[in-house]
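Only one structure is covered here, and it is reproduced in the block below.
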Amino acid sequence: MKKLKGRRILNKINAKKDIKPVLDVTRAGEVKKIKIYDDGKSKVPATIFAILVLLLGTYVIYDQFIKEKKYSEDVYTSHFEMKEDESKKFIYFTNETEIMRGLVDKKKYVTKDIVINIKTDDMQNLEKKLNDQRKEFELNYEYVDSEVMNVQNCYQNFSTYNTDTENLKSFTYREYEIYESEDFITIMVIDNNIVLCDDNNKTTITNYIIAKETGELMKEDFILDKFNADKRKLVHNSLVGLVDDKVEERTARAIKAIEDPINDNMLSYVFTEGNCIGVRFDLGENSKIVPNNYDLIEESKICKTEKGQ
């Protein structure tokens, strides 16, 4: 009878060993933790990837459809990120000061500093160069002395400088013409040397074409190639509308006499505006043949179509 009882106890112990894996809380917990860890490991990278895709998509939409539509006062400025101050134009002016006002004709001559609102070293250097040149002009103003004033009163009638106590004899003042297209800005610097009470006046033009995207200076040949244009053709376009056999000074022969030297001496200056390329030049003494309602610059332009042809 005791042996039987002993076998029964042993059987009970064996039975408990058989069900231990099922009732082992530690092992069950470990299995559960592994499952949780595996699930988390698979979801986190996917979430990060989805966020990155969303951010990339947002940037592409902004870059292609929003940024390219930004305008500033009807001027296309797709590369506005190149600006030092996004609230201002690419080119603007400060410190405008009146140099002289004619006492008879009331014409005003002013001086001003240029600001090139592009954050590259090249453009900041160009800005400094242009403004330093302007300051140099002022240092070289020539004034009328008292002896001349006693002999000739022309200067008294036409010339004053800042105040009514000083009279200018000659000076150089600078004007700017700014042209802007989708990708380029043209700064045309026009320096006028004025000799009052004399006809010995001279004009010098210097041209700078700037790529908005890089802030680099571009050569005229590059711009001409880009538009598949020829400088001689631009000049011809500008002048051909003046031909009038009934007006002696505007015959085809007179126009050709003007056109050839302009090209030979490289006195014409290319610019881009909108989707067009044009040319600016000074006719000098021949300017009298141009009627007041005739725009040489507009006539010179060659424009691309919407298809780029």
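Identifiers in this document derive from the order of the structure tokens: chains are assigned A, B, ..., residues are numbered from 1 separately in each chain, and ligands are numbered from 1 in order of occurrence.
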
Which residues are close to Arg253 in chain A, i.e. within 12 Å by only C-alpha atoms, leaving aside same-chain residues fewer than 6 positions away? Reply as a PyMOL selection string. chain A and resi 239-240+242-245+247+259-260

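Going from CA of Phe281 in chain A to CA of Glu298 in chain A covers 12.2 Å.
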
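In this model, the gap between CA of Gly284 in chain A and CA of Leu224 in chain A comes to 24.9 Å.
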
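The shortest atom-to-atom distance to Leu126 in chain A, with only C-alpha atoms taken into account, belongs to A:Tyr208 out of A:Tyr208, A:Gly278, A:Pro291, A:Lys226.
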
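Using only C-alpha atoms, the contacts of Asp85 in chain A at a cut-off of 9 Å, with sequence neighbours closer than 6 positions omitted, comprise Asn117, Ile118 and Lys119 of chain A.
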
Okay, now the selection with N, CA and C atoms, as a compact mmCIF listing (two decimals), in the first residue's frame?
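Wrote it out as out_35.txt, contents follow:
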```txt
# COMPACT_ATOMS: atom_id res chain seq x y z
N ASN A 117 21.00 94.25 -55.07
CA ASN A 117 20.43 93.44 -54.00
C ASN A 117 20.60 91.94 -54.27
N ILE A 118 21.87 91.54 -54.48
CA ILE A 118 22.19 90.14 -54.74
C ILE A 118 23.34 89.75 -53.83
N LYS A 119 23.19 88.67 -53.10
CA LYS A 119 24.15 88.33 -52.04
C LYS A 119 25.30 87.46 -52.53
```

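Proximity to Gly241 in chain A was assessed for A:Thr94, A:Thr58, A:Ser300, A:Gln133 counting only C-alpha atoms; the smallest distance is recorded for A:Ser300.
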
Set the distance at 12 Å and use only C-alpha atoms: which residues neighbour Lys128 in chain A once local chain neighbours fewer than 6 positions away are removed? I'd like the list as a PDB file with C-alpha atoms, in the first residue's frame.
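Result file selection-v5.pdb:
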```
ATOM      1  CA  ASP A 113      24.079 105.428 -55.227  1.00  0.00           C
ATOM      2  CA  ILE A 114      23.118 102.072 -56.667  1.00  0.00           C
ATOM      3  CA  VAL A 115      22.238  99.039 -54.523  1.00  0.00           C
ATOM      4  CA  ILE A 116      22.658  95.613 -56.149  1.00  0.00           C
ATOM      5  CA  ASP A 121      30.778  88.819 -53.459  1.00  0.00           C
ATOM      6  CA  ASP A 122      30.961  89.692 -57.163  1.00  0.00           C
ATOM      7  CA  ARG A 134      30.340 108.245 -58.720  1.00  0.00           C
ATOM      8  CA  LYS A 135      32.195 109.775 -55.756  1.00  0.00           C
TER       9      LYS A 135
END
```

Please report, as a PyMOL selection string, each residue of range 108-301 of chain A to which DSSP assigns strand (DSSP E) when run on this structure's backbone. chain A and resi 108-116+142-143+168-180+184-195+202-211+217-218+268-273+276-281

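CA of Asn237 in chain A sits 13.2 Å away from CA of Ile262 in chain A.
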
Any idea what's packed within 12 Å of Pro261 in chain A, counting only C-alpha atoms, ignoring anything in its chain fewer than 3 positions away? Could you give it as a list in words? Arg232, Val235, Ala254, Ile255, Lys256, Ala257, Ile258, Asp264, Asn265, Met266, Leu267, Ser268, Phe281, Asp282, Leu283 and Gly284 of chain A

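You can rank A:Tyr161, A:Phe49, A:Phe271, A:Tyr92 by their closest distance to Phe222 in chain A using only C-alpha atoms, and at the top of that list sits A:Phe271.
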
Among range 68-301 of chain A, which ones does DSSP assign to alpha helix (DSSP H) (computed from the backbone)? Answer as a compact mmCIF listing (two decimals) with N, CA and C atoms, in the first residue's frame.
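This is the output file result-v5.txt:
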```txt
# COMPACT_ATOMS: atom_id res chain seq x y z
N ASP A 121 29.64 87.91 -53.58
CA ASP A 121 30.78 88.82 -53.46
C ASP A 121 30.98 89.63 -54.74
N ASP A 122 30.77 88.99 -55.89
CA ASP A 122 30.96 89.69 -57.16
C ASP A 122 30.03 90.89 -57.28
N MET A 123 28.78 90.71 -56.87
CA MET A 123 27.81 91.80 -57.00
C MET A 123 28.06 92.90 -55.98
N GLN A 124 28.49 92.54 -54.80
CA GLN A 124 28.82 93.55 -53.80
C GLN A 124 30.05 94.34 -54.23
N ASN A 125 30.99 93.67 -54.87
CA ASN A 125 32.17 94.37 -55.39
C ASN A 125 31.80 95.31 -56.54
N LEU A 126 30.87 94.86 -57.39
CA LEU A 126 30.42 95.71 -58.49
C LEU A 126 29.70 96.94 -57.94
N GLU A 127 28.86 96.74 -56.96
CA GLU A 127 28.16 97.87 -56.33
C GLU A 127 29.14 98.90 -55.78
N LYS A 128 30.15 98.42 -55.07
CA LYS A 128 31.15 99.33 -54.50
C LYS A 128 31.91 100.07 -55.61
N LYS A 129 32.27 99.35 -56.65
CA LYS A 129 33.00 99.96 -57.77
C LYS A 129 32.20 101.10 -58.40
N LEU A 130 30.92 100.86 -58.66
CA LEU A 130 30.09 101.88 -59.30
C LEU A 130 29.91 103.10 -58.40
N ASN A 131 29.69 102.87 -57.13
CA ASN A 131 29.49 104.00 -56.21
C ASN A 131 30.79 104.77 -55.96
N ASP A 132 31.91 104.07 -55.96
CA ASP A 132 33.19 104.76 -55.81
C ASP A 132 33.48 105.65 -57.03
N GLN A 133 33.10 105.16 -58.20
CA GLN A 133 33.27 105.96 -59.42
C GLN A 133 32.43 107.22 -59.34
N ARG A 134 31.23 107.09 -58.86
CA ARG A 134 30.34 108.24 -58.72
C ARG A 134 30.95 109.29 -57.78
N LYS A 135 31.55 108.85 -56.69
CA LYS A 135 32.19 109.77 -55.76
C LYS A 135 33.38 110.47 -56.40
N GLU A 136 34.09 109.75 -57.26
CA GLU A 136 35.23 110.33 -57.95
C GLU A 136 34.79 111.44 -58.90
N PHE A 137 33.64 111.26 -59.55
CA PHE A 137 33.11 112.31 -60.42
C PHE A 137 32.94 113.62 -59.65
N GLU A 138 32.39 113.51 -58.46
CA GLU A 138 32.11 114.70 -57.67
C GLU A 138 33.39 115.44 -57.30
N LEU A 139 34.45 114.69 -57.05
CA LEU A 139 35.72 115.32 -56.70
C LEU A 139 36.31 116.10 -57.87
N SER A 146 35.82 133.86 -60.67
CA SER A 146 35.21 135.18 -60.74
C SER A 146 35.58 135.92 -62.02
N GLU A 147 36.77 135.70 -62.55
CA GLU A 147 37.19 136.40 -63.75
C GLU A 147 36.33 136.02 -64.95
N VAL A 148 36.06 134.70 -65.06
CA VAL A 148 35.21 134.23 -66.16
C VAL A 148 33.81 134.79 -66.00
N MET A 149 33.35 134.81 -64.78
CA MET A 149 32.00 135.31 -64.53
C MET A 149 31.85 136.76 -65.01
N ASN A 150 32.89 137.54 -64.84
CA ASN A 150 32.83 138.94 -65.26
C ASN A 150 32.82 139.08 -66.78
N VAL A 151 33.47 138.13 -67.46
CA VAL A 151 33.55 138.20 -68.91
C VAL A 151 32.30 137.61 -69.56
N CYS A 154 27.02 133.55 -69.05
CA CYS A 154 26.29 132.32 -69.38
C CYS A 154 26.13 131.43 -68.16
N TYR A 155 27.18 131.26 -67.39
CA TYR A 155 27.13 130.37 -66.23
C TYR A 155 26.17 130.89 -65.16
N GLN A 156 26.07 132.19 -65.07
CA GLN A 156 25.14 132.77 -64.11
C GLN A 156 23.70 132.42 -64.47
N ASN A 157 23.45 132.27 -65.77
CA ASN A 157 22.09 131.99 -66.23
C ASN A 157 21.75 130.50 -66.18
N PHE A 158 22.79 129.65 -66.27
CA PHE A 158 22.51 128.24 -66.41
C PHE A 158 23.04 127.36 -65.28
N GLU A 220 28.10 89.52 -73.46
CA GLU A 220 27.06 89.79 -74.45
C GLU A 220 26.94 88.65 -75.46
N ASP A 221 28.07 88.05 -75.85
CA ASP A 221 28.04 86.96 -76.83
C ASP A 221 27.19 85.80 -76.33
N PHE A 222 27.27 85.51 -75.02
CA PHE A 222 26.48 84.43 -74.45
C PHE A 222 24.99 84.74 -74.57
N ILE A 223 24.61 86.00 -74.29
CA ILE A 223 23.21 86.40 -74.37
C ILE A 223 22.72 86.36 -75.81
N LEU A 224 23.54 86.83 -76.74
CA LEU A 224 23.16 86.80 -78.15
C LEU A 224 22.94 85.37 -78.62
N ASP A 225 23.83 84.46 -78.23
CA ASP A 225 23.68 83.05 -78.61
C ASP A 225 22.41 82.45 -78.00
N LYS A 226 22.13 82.80 -76.78
CA LYS A 226 20.95 82.25 -76.10
C LYS A 226 19.67 82.65 -76.82
N LYS A 231 23.94 91.23 -83.20
CA LYS A 231 23.93 92.64 -82.80
C LYS A 231 23.66 93.56 -83.99
N ARG A 232 24.22 93.23 -85.14
CA ARG A 232 23.98 94.06 -86.32
C ARG A 232 22.49 94.08 -86.67
N LYS A 233 21.84 92.95 -86.53
CA LYS A 233 20.41 92.89 -86.82
C LYS A 233 19.62 93.74 -85.83
N LEU A 234 20.02 93.72 -84.58
CA LEU A 234 19.33 94.53 -83.57
C LEU A 234 19.46 96.02 -83.89
N VAL A 235 20.67 96.43 -84.25
CA VAL A 235 20.89 97.83 -84.60
C VAL A 235 20.10 98.19 -85.85
N HIS A 236 20.11 97.30 -86.83
CA HIS A 236 19.36 97.56 -88.07
C HIS A 236 17.87 97.71 -87.77
N ASN A 237 17.34 96.81 -86.93
CA ASN A 237 15.92 96.92 -86.57
C ASN A 237 15.60 98.29 -85.98
N SER A 238 16.52 98.77 -85.15
CA SER A 238 16.31 100.03 -84.47
C SER A 238 16.25 101.21 -85.44
N LEU A 239 17.05 101.13 -86.51
CA LEU A 239 17.19 102.27 -87.42
C LEU A 239 16.31 102.20 -88.66
N VAL A 240 15.94 101.01 -89.09
CA VAL A 240 15.30 100.87 -90.40
C VAL A 240 13.97 101.61 -90.46
N ALA A 252 18.03 106.05 -96.62
CA ALA A 252 18.69 104.78 -96.34
C ALA A 252 20.19 104.96 -96.24
N ARG A 253 20.75 105.84 -97.10
CA ARG A 253 22.20 106.07 -97.06
C ARG A 253 22.61 106.66 -95.71
N ALA A 254 21.85 107.60 -95.20
CA ALA A 254 22.17 108.22 -93.92
C ALA A 254 22.09 107.21 -92.79
N ILE A 255 21.08 106.33 -92.85
CA ILE A 255 20.92 105.31 -91.82
C ILE A 255 22.10 104.36 -91.84
N LYS A 256 22.54 103.95 -93.02
CA LYS A 256 23.68 103.02 -93.12
C LYS A 256 24.95 103.67 -92.59
N ALA A 257 25.11 104.96 -92.81
CA ALA A 257 26.29 105.66 -92.32
C ALA A 257 26.34 105.65 -90.80
N ILE A 258 25.18 105.60 -90.17
CA ILE A 258 25.13 105.52 -88.71
C ILE A 258 25.31 104.08 -88.25
N GLU A 259 24.67 103.16 -88.95
CA GLU A 259 24.63 101.77 -88.52
C GLU A 259 26.01 101.11 -88.51
N ASP A 260 26.80 101.33 -89.54
CA ASP A 260 28.09 100.66 -89.65
C ASP A 260 29.08 101.04 -88.55
N PRO A 261 29.30 102.33 -88.28
CA PRO A 261 30.23 102.68 -87.21
C PRO A 261 29.79 102.17 -85.84
N ILE A 262 28.51 102.15 -85.60
CA ILE A 262 28.02 101.66 -84.31
C ILE A 262 28.46 100.22 -84.09
N ASN A 263 28.36 99.40 -85.13
CA ASN A 263 28.78 98.01 -85.01
C ASN A 263 30.30 97.88 -84.98
N ASP A 264 30.98 98.63 -85.85
CA ASP A 264 32.43 98.50 -85.93
C ASP A 264 33.12 98.91 -84.64
N LEU A 296 13.86 104.11 -80.33
CA LEU A 296 14.92 103.28 -80.89
C LEU A 296 15.04 101.94 -80.17
N ILE A 297 14.91 101.94 -78.85
CA ILE A 297 15.07 100.72 -78.07
C ILE A 297 13.96 99.71 -78.38
N GLU A 298 12.72 100.18 -78.40
CA GLU A 298 11.60 99.28 -78.70
C GLU A 298 11.70 98.70 -80.10
N GLU A 299 12.11 99.53 -81.04
CA GLU A 299 12.22 99.08 -82.42
C GLU A 299 13.31 98.03 -82.59
N SER A 300 14.32 98.05 -81.72
CA SER A 300 15.45 97.13 -81.87
C SER A 300 15.13 95.71 -81.42
```

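With distances restricted to only C-alpha atoms, A:Ile185 is the closest residue to Ile277 in chain A from A:Ala50, A:Val195, A:Val290, A:Ile185.
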